[in-house]
Amino acid sequence: MNETRVKLKTGNSITKTLGNYSFILIFLVIFFAFLLINGGATTWSGVMNILRHSAVVGVLSFGMGLVIITGGIDLSVGSMLSLIGGLSVVVFNATNSPIITLFFALGAGILCGLINGVFVGIAQMPAFIVTLSTMLIYRSIAQYYLRTMGLSIYNMEGTLSSYDAFYGFGQAKWLTVPVVGVVLIAVTAIMVYVSTMTKFGKTVFAVGSNEKAAQLAGINVKRTRVLVFVITGLLCGLSSFLWLGMNGSVDPATIGKSYEMYAIAAVVIGGVSMSGGKGRLLGVLFGAMSYTIIDKIIASLGFDALINDTIKGSILLIAVFAQIVVPAIREKVRKPKSI
Amino acid sequence: MLKMTDISKSFFGVPVLKHVSFSVEQGEVHALLGENGAGKSTLMNILAGVYTRDSGTVVFDGEKLEHTTVKSSDAAGIAFVHQELNLFNDLRVFENIFLRKEITTKAGMLNKKAMILKTRELFDSLGVDIEPTAMVSELETGKKQLLEIAKALYASAKLFILDEPTTALNNEEINHLFTIIRRLKEQGKSFVFISHKMTEIFTIADRYTVLRNGEFINTGNISETTPKDITKMMVGSKYCEQEAYETRECGAPVLELNNLSGHGFSDVNLTIQKGEVVGFTGLVGAGVSEMFQTIFGVLPITGGVLRIRSCAIAANSVHKAMKNRVSMIPSNRKENSIVPDFSLLENSYISEHTLSSRFQHIFSRKEKRRFRRLGETLNIKSNSTSDMITSLSGGNQQKVILARWLNTKADILLMDNPTQGIDVGAKAEIYKLINQLAKEGKTILVNTLEIPELQQVADRCVVFYHGHLQTILSREEMSEENVMLWATNAINSSEVAKTHE
């Protein structure tokens, strides 16, 4: 009796682990496809570029991950990038200081996130509607403000003394690893720590898993909901700063377009359940990188970039199919035995 | 008119109905009585085709019903008016009545006029005052109940099963319902009336049948019995478990309620001492759950004063209650207590963490050690602390929730139906734990309908009826019969019966 029980357990844990870490499998498949297609042309810096180009969407996806774990959603992340990025350019041009720009970006992010959070957490409006509204509002403000200045793009002044330092930061490497990639890794480490090893992190999961029970266990559900949106805003601020360092300019109409969708996809591929309460944030890094690799594969195959979303969408479908349908089938097959 | 003979049914090998017979004559109101779990609902669900019977025969209106389904019993003229009403809130009254039986014009369009007219005729004949075009969501519960009956009547039902139809109604609505039942009775309709309230049973029913533990006990005319006899039949001479209760010393008052009022209860006066175990009982909706939630800060206080350790409590905040070392194990564990995606360990520490959130890092080794210590005192059976809570039995889940609150160092424990959905062995263990905790100086309030369990733990028993504190019974007075008499307000009704004599 004891033996069979142990056996059953190890069998379970292997399939369970595979299910929990399916994002690594997906990432590896895509990554090997990338290596195969590139063949001998693969270079270390080419691989590192994956990390670099995943930084902006990756950082903000971690905020999205927290929000989704509480059972919510944030559609405004792309628009926040546009608004915060645009205004940060203005701030940089006025102050000539990357540090002040960074603090401004983070502060503006917190404010934008707080607006989302107050409507969703305190006023208890549906997250989808609230962030759909702010998605429209934030980008529109960025575009309108630019128009009032008579410009068509937010451009950092190349003549400013600290421009080279700022732009250099976006291109810089630390021991052959792009600095923005290092920032992404650091954010990953922090977010994984926060979500798994801190009391706040557990609160986020508890709210998403059973809100009523969380409330009756003494958890401040409203505050938790506000905080996840504020953190998302903060990370959007950081993403905007990285974008400026990498690109030096912001076109408010196109920056971060569809990023909310890519972020959701990265979170879902990473194994976080859309209904909340389940999943781990580590997968978000791999989800985000998987999408960047697809961009690169399409570029090196010389396909039209417009086919991009077809492939990204299909991968998302396959990933979710693997996470939802496969365990369900397995459950069905196993059930008769257990009864 | 209805004759159910020798009905048996078991779920997963556990018999819930054993050779039960039940019959209803035309034009009578038949009260089906029994404690929770006696088998009333199962029997009625078999009649309505929700469950299939294992054995026995059902004859309705001269026809033998075989392989009953919900649809076929509906077609035969049996209408089950459930406790949770089956109405579409976002449709209008007449649309609910004519759902899937809509009257159409020749062109195939809905003939609203005709439907509204017919609804009005139906309501007039019943003496029901509902506007046919009103939205169902805007109706009061009492009206909804009447609408449900009217709907079944329109579908030409002959037998109505009313499952505790009066729980959500006020006295006036109950009287109205009874008038309508009497009117339909004269037209030859029959009713099965399930209720715990003696007053109502003796007002409306003609005959009764009592079930206990899935067995038929007795049937007879209401006019030839008394509330006391009925209660005796329902309760029986129960097998008495070994006494777990020990007399104990109680300390200073820790919880004082002065004219406390809130949602669902009012003007409660009560003082509870340190180390005391107080049983609370009352039918569903009597207000005990609401009072517990108010003390725990989930619901607001609307009047009176609540004092915890002599300090008046104002704000309705769970967090403040927890800081005052008050805790609550809510009823309905699955919905209100367990976090299904969490392990045992995580479930056991989330509440303590809201009190110690100044230090954010979780030291998992420390948490595990603490859990293991609690697990030993509570005798939680599990393989590992990282097992999901949903993999445990109900009893062990409840112990984890108990661990959650002991972790917060709470010493006033409110337990709302703590043994709900727990098997007998685990129940005994929970009650043993309650005694043990009281010995350690914890103050425990237990809300339950299961009186034999209260006898195992409680120093006193507070009985609620309709949001009011009826009486406080001492251990000696805490017999099941006595409690039932107070909880169903049968004491008052038997006095009324006496004065009539």
# chains A, B, ... in the order shown; residues from 1 in each chain; ligands from 1
$ interface_residues --of "chain B" --to "chain A" --cutoff "6 Å" --atoms "only C-alpha atoms" --output "PDB file with N, CA and C atoms, in the first residue's frame"
ATOM      1  N   VAL B 318     -12.214  43.752   9.826  1.00  0.00           N
ATOM      2  CA  VAL B 318     -11.726  42.428  10.194  1.00  0.00           C
ATOM      3  C   VAL B 318     -10.349  42.558  10.836  1.00  0.00           C
ATOM      4  N   HIS B 319      -9.556  43.454  10.261  1.00  0.00           N
ATOM      5  CA  HIS B 319      -8.198  43.621  10.757  1.00  0.00           C
ATOM      6  C   HIS B 319      -8.190  44.045  12.227  1.00  0.00           C
ATOM      7  N   ASN B 336     -15.861  30.125   1.974  1.00  0.00           N
ATOM      8  CA  ASN B 336     -15.446  31.231   2.831  1.00  0.00           C
ATOM      9  C   ASN B 336     -14.122  31.054   3.563  1.00  0.00           C
ATOM     10  N   SER B 337     -13.566  29.849   3.587  1.00  0.00           N
ATOM     11  CA  SER B 337     -12.306  29.724   4.322  1.00  0.00           C
ATOM     12  C   SER B 337     -11.132  29.270   3.495  1.00  0.00           C
ATOM     13  N   VAL B 339      -8.335  28.591   0.745  1.00  0.00           N
ATOM     14  CA  VAL B 339      -7.778  29.157  -0.481  1.00  0.00           C
ATOM     15  C   VAL B 339      -7.331  27.947  -1.299  1.00  0.00           C
ATOM     16  N   ASP B 341      -5.954  27.177  -4.095  1.00  0.00           N
ATOM     17  CA  ASP B 341      -4.681  27.042  -4.805  1.00  0.00           C
ATOM     18  C   ASP B 341      -3.484  27.069  -3.862  1.00  0.00           C
ATOM     19  N   SER B 351      -3.288  34.412   7.588  1.00  0.00           N
ATOM     20  CA  SER B 351      -3.898  35.378   8.506  1.00  0.00           C
ATOM     21  C   SER B 351      -2.864  35.989   9.442  1.00  0.00           C
ATOM     22  N   GLN B 360       8.318  41.509   5.634  1.00  0.00           N
ATOM     23  CA  GLN B 360       7.700  40.888   4.471  1.00  0.00           C
ATOM     24  C   GLN B 360       8.250  39.505   4.143  1.00  0.00           C
ATOM     25  N   HIS B 361       9.502  39.251   4.497  1.00  0.00           N
ATOM     26  CA  HIS B 361      10.086  37.984   4.069  1.00  0.00           C
ATOM     27  C   HIS B 361       9.432  36.810   4.811  1.00  0.00           C
ATOM     28  N   ILE B 362       9.196  35.730   4.076  1.00  0.00           N
ATOM     29  CA  ILE B 362       8.635  34.523   4.694  1.00  0.00           C
ATOM     30  C   ILE B 362       9.777  33.556   4.982  1.00  0.00           C
TER      31      ILE B 362
END
$ select_by_dssp --residues "region 95-228 of chain B" --states "alpha helix (DSSP H)" --output "number ranges by chain"
B: 95-97, 112-126, 141-154, 171-186, 198-204, 227-228
$ residues_around --residues "Asn308 (chain A)" --least-positions-apart "3" --cutoff "12 Å" --atoms "only C-alpha atoms" --output "PyMOL selection string"
chain A and resi 262+291-299+301-305+311-315
$ closest_residue --among "A:Asp309, A:Ile69, A:Phe92, A:Thr254" --to "Leu281 (chain A)" --atoms "only C-alpha atoms"
A:Ile69
$ residues_around --residues "Asn407 (chain B)" --least-positions-apart "2" --cutoff "7 Å" --atoms "only C-alpha atoms" --output "list in words"
Tyr349, Glu352, Ala403, Arg404, Trp405 and Lys409 of chain B
$ write_last_selection --atoms "N, CA, C and O atoms" --output "PDB file, in the first residue's frame"
ATOM      1  N   TYR B 349      -0.821  30.087   7.308  1.00  0.00           N
ATOM      2  CA  TYR B 349      -0.149  31.310   7.779  1.00  0.00           C
ATOM      3  C   TYR B 349      -0.670  32.624   7.209  1.00  0.00           C
ATOM      4  O   TYR B 349      -0.262  33.673   7.649  1.00  0.00           O
ATOM      5  N   GLU B 352      -1.970  35.158   9.938  1.00  0.00           N
ATOM      6  CA  GLU B 352      -0.927  35.674  10.826  1.00  0.00           C
ATOM      7  C   GLU B 352      -0.108  36.718  10.082  1.00  0.00           C
ATOM      8  O   GLU B 352       0.295  37.726  10.658  1.00  0.00           O
ATOM      9  N   ALA B 403      -5.923  25.975  12.679  1.00  0.00           N
ATOM     10  CA  ALA B 403      -4.502  26.295  12.855  1.00  0.00           C
ATOM     11  C   ALA B 403      -4.229  27.722  12.396  1.00  0.00           C
ATOM     12  O   ALA B 403      -3.456  28.453  13.017  1.00  0.00           O
ATOM     13  N   ARG B 404      -4.890  28.127  11.305  1.00  0.00           N
ATOM     14  CA  ARG B 404      -4.719  29.485  10.788  1.00  0.00           C
ATOM     15  C   ARG B 404      -4.993  30.498  11.884  1.00  0.00           C
ATOM     16  O   ARG B 404      -4.264  31.476  12.052  1.00  0.00           O
ATOM     17  N   TRP B 405      -6.048  30.258  12.660  1.00  0.00           N
ATOM     18  CA  TRP B 405      -6.425  31.245  13.669  1.00  0.00           C
ATOM     19  C   TRP B 405      -5.631  31.092  14.952  1.00  0.00           C
ATOM     20  O   TRP B 405      -5.362  32.073  15.635  1.00  0.00           O
ATOM     21  N   LYS B 409      -2.718  33.818  17.387  1.00  0.00           N
ATOM     22  CA  LYS B 409      -2.823  33.953  18.840  1.00  0.00           C
ATOM     23  C   LYS B 409      -4.190  34.481  19.240  1.00  0.00           C
ATOM     24  O   LYS B 409      -4.341  35.134  20.267  1.00  0.00           O
TER      25      LYS B 409
END
$ select_by_dssp --residues "region 223-441 of chain B" --states "strand (DSSP E)" --output "PyMOL selection string"
chain B and resi 253-262+265-273+277-281+301-308+311-312+326-329+412-416
$ residues_around --residues "Thr232 (chain A)" --least-positions-apart "5" --cutoff "7 Å" --atoms "only C-alpha atoms" --output "list in words"
Leu60, Gly63, Met64 and Gly113 of chain A
$ atom_distance --atom1 "CA of Asp416 (chain B)" --atom2 "CA of Asn170 (chain B)"
24.7 Å
$ atom_distance --atom1 "CA of Leu454 (chain B)" --atom2 "CA of Asp267 (chain B)"
24.0 Å
$ residues_around --residues "region 81-85 of chain A" --least-positions-apart "2" --cutoff "10 Å" --atoms "only C-alpha atoms" --output "count of residues only"
51
$ atom_distance --atom1 "CA of Asn379 (chain B)" --atom2 "CA of Thr247 (chain B)"
23.7 Å
$ residues_around --residues "region 107-121 of chain B" --least-positions-apart "4" --cutoff "12 Å" --atoms "only C-alpha atoms" --output "PyMOL selection string"
chain B and resi 92-103+125-134+147+150-151+153-154
